[in-house]
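As structure tokens, the structure follows; a few thoughts come after it.
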Amino acid sequence: MTRGRPLRGLFGGFLLGICVDLDLIFGGVVKLDSTLLTILPVALLVLGLLLGLWAPLGRSRAAKAARPKHVLPPPVAWPDSAPIEGSTPPPPFGANLGGETPPPPPI
Amino acid sequence: MRLIRILVALAIAALVPMLTATAAHAELKGPCTGTGRILGVTYNPKLQDSVVIPRAGEVHWRGTVTDGAGKRPINGAVKVKLPWPINEITLNGNWGKTSAKYANAGIYTYDLPAVLVGPKFTVFGSHKERAIVCTGTIDVQLAGSKWKNPALIASLLFTVLAVINISLVIRVKDRAI
């Protein structure tokens with residue numbers, strides 16, 4: 001399964017090559033008839049494709065995100081006050097008031 | 001992954017020498033002479049490899065063929081060399097007719113835009129007649145600060161955007177679990 005963006009890398013590399021070409025020309029770094037100006041966009045096109053396929057950035061973060069989270073929580077001790085099997089369950093809240101409305105809580 | 005790393009290393013190793021390669025020297029081959037004078041300064045491809053000329057001015061040009069006599073067909077041009085696939089463009093100077101002259105001179109007035117300040121042009125000239133072939137090249141740059149060239153500023157900005165784009169492109173895709 002492809003994990004990167006090879007097509008975007010291809011076009012991105014070519015675009016970068018054209019921009020670097022223009023920098024070299026207008027900066028007067030190379031002569032206008034230099035072969036480098038022809039090679040650079042093609043080389044960066046290939047480099048962009050390969051880097052797009054490889055996608056080296058963000059691998060560790062993606063690996064963490066892809067890791068399944070089905071690990072169980074750590075076990076805890078059963079509390080003493082908790083009902084156990086065969087015991088009588090506690091009455092529901094307000095059952096011991098004989099049907100009267102419970103007093104309002106103190107303010 | 002190992003193959004990709006090797007390919008990247010090879011690409012870098014191939015590009016660095018090309019970036020640091022020295023420029024070819026100017027020259028004038030054949031039994032000809034050719035000079036240009038701009039604002040009192042004379043430029044000669046036999047003596048100079050590269051020249052810096054004003055952005056606007058008048059070129060007082062002169063060319064001679066040292067051998068030969070009589071009327072004969074001649075052919076020649078002055079061109080600027082460009083990278084593939086354009087290769088070259090002919091400037092305002094080409095000739096292809098019969099002539100009895102063995103020397104010629106004239107004035108060529110030019111006024112070039114600011115976006116051409118900075119690039120190094122290779123100007124190439126040739127002249128052919130009978131058994132004579134003369135060729136000459138010289139590197140020409142326009143005088144002025146390249147940092148005032150709007151095209152350089154724009155291209156640097158676009159390069160920054162292109163680098164940001166590449167850094168986003170080479171990130172691994174987020175996958176739904």
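Each chain of the structure tokens is named A, B, ... in the order shown, its residues numbered from 1; ligands are numbered from 1 in display order.
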Residues of chain B within 7 Å of chain A, counting only C-alpha atoms - could you list those as a compact mmCIF listing (two decimals) with N, CA and C atoms, in the first residue's frame?
```
# COMPACT_ATOMS: atom_id res chain seq x y z
N ILE B 4 16.49 3.90 -2.54
CA ILE B 4 16.11 5.32 -2.66
C ILE B 4 17.22 6.20 -2.08
N VAL B 8 19.29 9.07 -4.09
CA VAL B 8 19.36 10.47 -3.62
C VAL B 8 20.81 10.90 -3.49
N MET B 18 28.40 20.07 -10.98
CA MET B 18 27.86 20.91 -12.05
C MET B 18 27.64 22.34 -11.56
N LYS B 81 22.91 32.34 -26.59
CA LYS B 81 22.73 30.90 -26.33
C LYS B 81 21.82 30.71 -25.12
N LEU B 82 20.92 29.73 -25.24
CA LEU B 82 19.98 29.40 -24.17
C LEU B 82 20.00 27.89 -23.94
N PRO B 83 19.49 27.41 -22.80
CA PRO B 83 19.49 25.97 -22.56
C PRO B 83 18.47 25.27 -23.45
N TRP B 84 18.63 23.95 -23.56
CA TRP B 84 17.68 23.13 -24.30
C TRP B 84 16.30 23.29 -23.66
N GLY B 118 21.37 40.77 -13.97
CA GLY B 118 21.68 39.59 -13.15
C GLY B 118 22.07 38.38 -13.98
N PRO B 119 21.22 37.94 -14.94
CA PRO B 119 21.59 36.76 -15.73
C PRO B 119 22.88 36.97 -16.52
N LYS B 120 23.61 35.84 -16.71
CA LYS B 120 24.83 35.84 -17.53
C LYS B 120 24.48 35.30 -18.91
N PHE B 121 24.55 36.14 -19.90
CA PHE B 121 24.24 35.73 -21.26
C PHE B 121 25.51 35.35 -21.99
N THR B 122 25.43 34.32 -22.80
CA THR B 122 26.54 33.98 -23.69
C THR B 122 26.16 34.44 -25.09
N LYS B 146 21.46 43.13 -8.86
CA LYS B 146 20.47 42.08 -9.19
C LYS B 146 19.35 42.03 -8.16
N LEU B 152 13.97 38.30 -9.71
CA LEU B 152 14.74 37.50 -8.75
C LEU B 152 13.99 37.39 -7.43
N SER B 155 11.09 35.03 -7.92
CA SER B 155 11.50 33.62 -8.05
C SER B 155 11.95 33.06 -6.71
N LEU B 156 12.59 33.88 -5.86
CA LEU B 156 12.99 33.40 -4.53
C LEU B 156 11.76 33.10 -3.67
N PHE B 158 8.79 32.22 -4.79
CA PHE B 158 8.19 30.99 -5.33
C PHE B 158 8.99 29.76 -4.91
N THR B 159 10.31 29.92 -4.79
CA THR B 159 11.15 28.79 -4.35
C THR B 159 10.80 28.40 -2.91
N ALA B 162 7.67 26.54 -3.00
CA ALA B 162 7.88 25.20 -3.56
C ALA B 162 8.53 24.27 -2.54
N VAL B 163 9.44 24.81 -1.71
CA VAL B 163 10.08 23.98 -0.67
C VAL B 163 9.04 23.59 0.39
N ASN B 165 5.88 23.28 -0.11
CA ASN B 165 5.03 22.30 -0.77
C ASN B 165 5.66 20.91 -0.73
N ILE B 166 6.96 20.84 -1.05
CA ILE B 166 7.67 19.55 -1.05
C ILE B 166 7.68 18.95 0.36
N VAL B 169 4.47 17.43 0.90
CA VAL B 169 4.23 16.27 0.02
C VAL B 169 4.94 15.02 0.55
N ILE B 170 6.13 15.21 1.13
CA ILE B 170 6.89 14.02 1.54
C ILE B 170 6.51 13.53 2.94
N ARG B 171 5.43 14.05 3.49
CA ARG B 171 4.92 13.53 4.77
C ARG B 171 4.09 12.29 4.48
N VAL B 172 4.12 11.37 5.41
CA VAL B 172 3.35 10.14 5.24
C VAL B 172 1.86 10.46 5.37
N LYS B 173 1.06 9.72 4.59
CA LYS B 173 -0.40 9.93 4.61
C LYS B 173 -0.96 9.49 5.96
N ASP B 174 -1.95 10.23 6.51
CA ASP B 174 -2.67 9.78 7.70
C ASP B 174 -3.66 8.70 7.26
N ILE B 177 -8.05 4.10 10.88
CA ILE B 177 -7.88 2.78 11.51
C ILE B 177 -9.17 1.97 11.34
```
(request) Could you tell me, as a PyMOL selection string, which residues of chain B DSSP assigns to strand (DSSP E) when given the backbone? (result) chain B and resi 27-29+32-38+41-43+50-53+56-65+72-81+88-99+103-111+121-129+132-142
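You can rank B:Asp111, B:Asp67, B:Glu58, B:Glu88 by their closest distance to Gly125 in chain B using only C-alpha atoms, and at the top of that list sits B:Glu88.
CA of Thr98 in chain B sits 24.8 Å away from CA of Val59 in chain B.
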(request) Quote the spacing between CA of Ile132 in chain B and CA of Val78 in chain B in Å to one decimal place. (result) 16.8 Å
(request) For His60 in chain B, list every protein, DNA or RNA residue within 7 Å, evaluated using only C-alpha atoms, and leave out those in the same chain fewer than 4 positions away; present the list as a ChimeraX atom specification. (result) /B:36-38,106-108
(request) Write out as an MDAnalysis selection string the residues lying within 8 Å of Ile53 in chain B, counting only C-alpha atoms and excluding same-chain residues fewer than 3 positions away. (result) chainID B and resid 38 140:143
(request) Apply DSSP to the backbone of this structure and, from chain A, keep only the residues in alpha helix (DSSP H); write these as number ranges by chain. (result) A: 6-26, 36-54, 59-66
Residues from last step as file, N, CA and C atoms, as a short mmCIF file (atom, residue, chain, number, x, y, z; two decimals), in the first residue's frame:
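Saved result, out.cif, follows:
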```
data_model
loop_
_atom_site.label_atom_id
_atom_site.label_comp_id
_atom_site.auth_asym_id
_atom_site.auth_seq_id
_atom_site.Cartn_x
_atom_site.Cartn_y
_atom_site.Cartn_z
N PRO A 6 3.17 10.13 -4.45
CA PRO A 6 4.16 10.17 -5.54
C PRO A 6 3.82 11.18 -6.63
N LEU A 7 2.55 11.31 -6.97
CA LEU A 7 2.18 12.22 -8.07
C LEU A 7 2.40 13.67 -7.67
N ARG A 8 2.01 13.99 -6.44
CA ARG A 8 2.24 15.35 -5.93
C ARG A 8 3.73 15.61 -5.78
N GLY A 9 4.47 14.58 -5.41
CA GLY A 9 5.93 14.70 -5.30
C GLY A 9 6.56 14.99 -6.65
N LEU A 10 6.04 14.31 -7.67
CA LEU A 10 6.53 14.49 -9.05
C LEU A 10 6.36 15.94 -9.50
N PHE A 11 5.13 16.45 -9.36
CA PHE A 11 4.86 17.83 -9.80
C PHE A 11 5.54 18.84 -8.88
N GLY A 12 5.57 18.53 -7.58
CA GLY A 12 6.22 19.43 -6.62
C GLY A 12 7.71 19.54 -6.89
N GLY A 13 8.34 18.43 -7.22
CA GLY A 13 9.77 18.42 -7.53
C GLY A 13 10.07 19.19 -8.79
N PHE A 14 9.22 19.01 -9.80
CA PHE A 14 9.41 19.73 -11.07
C PHE A 14 9.26 21.23 -10.85
N LEU A 15 8.25 21.60 -10.08
CA LEU A 15 8.01 23.02 -9.77
C LEU A 15 9.20 23.61 -9.02
N LEU A 16 9.72 22.85 -8.06
CA LEU A 16 10.89 23.31 -7.30
C LEU A 16 12.09 23.47 -8.23
N GLY A 17 12.24 22.55 -9.17
CA GLY A 17 13.34 22.62 -10.14
C GLY A 17 13.25 23.88 -10.99
N ILE A 18 12.05 24.20 -11.44
CA ILE A 18 11.85 25.41 -12.25
C ILE A 18 12.20 26.66 -11.42
N CYS A 19 11.73 26.67 -10.17
CA CYS A 19 11.99 27.83 -9.30
C CYS A 19 13.49 27.99 -9.02
N VAL A 20 14.16 26.88 -8.74
CA VAL A 20 15.61 26.95 -8.47
C VAL A 20 16.35 27.39 -9.75
N ASP A 21 15.88 26.91 -10.90
CA ASP A 21 16.44 27.35 -12.19
C ASP A 21 16.37 28.87 -12.32
N LEU A 22 15.19 29.41 -12.02
CA LEU A 22 15.00 30.86 -12.14
C LEU A 22 15.89 31.61 -11.14
N ASP A 23 16.04 31.04 -9.93
CA ASP A 23 16.94 31.65 -8.94
C ASP A 23 18.37 31.70 -9.47
N LEU A 24 18.81 30.58 -10.05
CA LEU A 24 20.19 30.50 -10.58
C LEU A 24 20.39 31.46 -11.74
N ILE A 25 19.36 31.58 -12.59
CA ILE A 25 19.47 32.49 -13.75
C ILE A 25 19.51 33.93 -13.28
N PHE A 26 18.49 34.33 -12.51
CA PHE A 26 18.40 35.75 -12.13
C PHE A 26 19.45 36.14 -11.09
N LEU A 36 22.99 22.62 -16.69
CA LEU A 36 22.38 22.42 -15.37
C LEU A 36 20.92 22.86 -15.35
N LEU A 37 20.62 23.92 -16.10
CA LEU A 37 19.25 24.45 -16.12
C LEU A 37 18.28 23.46 -16.74
N THR A 38 18.78 22.58 -17.60
CA THR A 38 17.92 21.54 -18.20
C THR A 38 17.83 20.34 -17.27
N ILE A 39 18.96 20.00 -16.64
CA ILE A 39 19.01 18.78 -15.82
C ILE A 39 18.24 18.95 -14.51
N LEU A 40 18.36 20.13 -13.91
CA LEU A 40 17.84 20.34 -12.55
C LEU A 40 16.33 20.04 -12.42
N PRO A 41 15.45 20.57 -13.28
CA PRO A 41 14.03 20.24 -13.13
C PRO A 41 13.74 18.75 -13.27
N VAL A 42 14.45 18.10 -14.19
CA VAL A 42 14.23 16.66 -14.41
C VAL A 42 14.72 15.87 -13.18
N ALA A 43 15.90 16.27 -12.66
CA ALA A 43 16.45 15.58 -11.49
C ALA A 43 15.54 15.76 -10.27
N LEU A 44 15.04 16.98 -10.06
CA LEU A 44 14.17 17.22 -8.92
C LEU A 44 12.79 16.58 -9.11
N LEU A 45 12.39 16.44 -10.37
CA LEU A 45 11.15 15.70 -10.67
C LEU A 45 11.26 14.25 -10.19
N VAL A 46 12.36 13.62 -10.54
CA VAL A 46 12.60 12.23 -10.12
C VAL A 46 12.74 12.14 -8.60
N LEU A 47 13.48 13.11 -8.04
CA LEU A 47 13.69 13.14 -6.59
C LEU A 47 12.35 13.32 -5.85
N GLY A 48 11.51 14.19 -6.39
CA GLY A 48 10.18 14.43 -5.81
C GLY A 48 9.33 13.18 -5.85
N LEU A 49 9.41 12.46 -6.97
CA LEU A 49 8.66 11.20 -7.11
C LEU A 49 9.12 10.18 -6.06
N LEU A 50 10.45 10.04 -5.94
CA LEU A 50 11.00 9.06 -4.99
C LEU A 50 10.67 9.44 -3.55
N LEU A 51 10.83 10.73 -3.22
CA LEU A 51 10.52 11.18 -1.86
C LEU A 51 9.02 11.06 -1.59
N GLY A 52 8.21 11.28 -2.63
CA GLY A 52 6.76 11.11 -2.49
C GLY A 52 6.40 9.67 -2.20
N LEU A 53 7.10 8.75 -2.84
CA LEU A 53 6.87 7.31 -2.59
C LEU A 53 7.35 6.91 -1.20
N TRP A 54 8.51 7.43 -0.86
CA TRP A 54 9.14 7.06 0.40
C TRP A 54 8.41 7.69 1.59
N ARG A 59 6.70 9.55 9.96
CA ARG A 59 6.49 8.10 10.03
C ARG A 59 6.21 7.62 11.45
N SER A 60 6.97 8.13 12.44
CA SER A 60 6.81 7.67 13.82
C SER A 60 5.43 8.06 14.36
N ARG A 61 4.99 9.31 14.00
CA ARG A 61 3.68 9.78 14.45
C ARG A 61 2.56 8.93 13.85
N ALA A 62 2.73 8.62 12.56
CA ALA A 62 1.72 7.82 11.87
C ALA A 62 1.68 6.41 12.44
N ALA A 63 2.85 5.88 12.80
CA ALA A 63 2.91 4.53 13.35
C ALA A 63 2.18 4.46 14.69
N LYS A 64 2.35 5.54 15.50
CA LYS A 64 1.66 5.60 16.79
C LYS A 64 0.16 5.66 16.59
N ALA A 65 -0.26 6.49 15.62
CA ALA A 65 -1.69 6.66 15.36
C ALA A 65 -2.29 5.36 14.84
N ALA A 66 -1.50 4.59 14.10
CA ALA A 66 -2.02 3.37 13.49
C ALA A 66 -2.06 2.21 14.48
#
```
(request) Write out as a PyMOL selection string which residues come within 7 Å of Asn104 in chain B when counting only C-alpha atoms, dropping same-chain ones fewer than 3 positions away. (result) chain B and resi 62-64
May I have the selected residues written with N, CA and C atoms, as a PDB file, in the first residue's frame?
```
ATOM      1  N   ARG B  62      32.305  47.076 -34.785  1.00  0.00           N
ATOM      2  CA  ARG B  62      33.206  47.020 -35.944  1.00  0.00           C
ATOM      3  C   ARG B  62      33.626  45.567 -36.149  1.00  0.00           C
ATOM      4  N   GLY B  63      33.581  45.119 -37.401  1.00  0.00           N
ATOM      5  CA  GLY B  63      34.009  43.760 -37.717  1.00  0.00           C
ATOM      6  C   GLY B  63      34.822  43.735 -39.000  1.00  0.00           C
ATOM      7  N   THR B  64      35.845  42.895 -39.034  1.00  0.00           N
ATOM      8  CA  THR B  64      36.677  42.791 -40.241  1.00  0.00           C
ATOM      9  C   THR B  64      36.998  41.331 -40.545  1.00  0.00           C
TER      10      THR B  64
END
```
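Straight-line separation from CA of Gly57 in chain B to CA of Gly136 in chain B: 21.9 Å.
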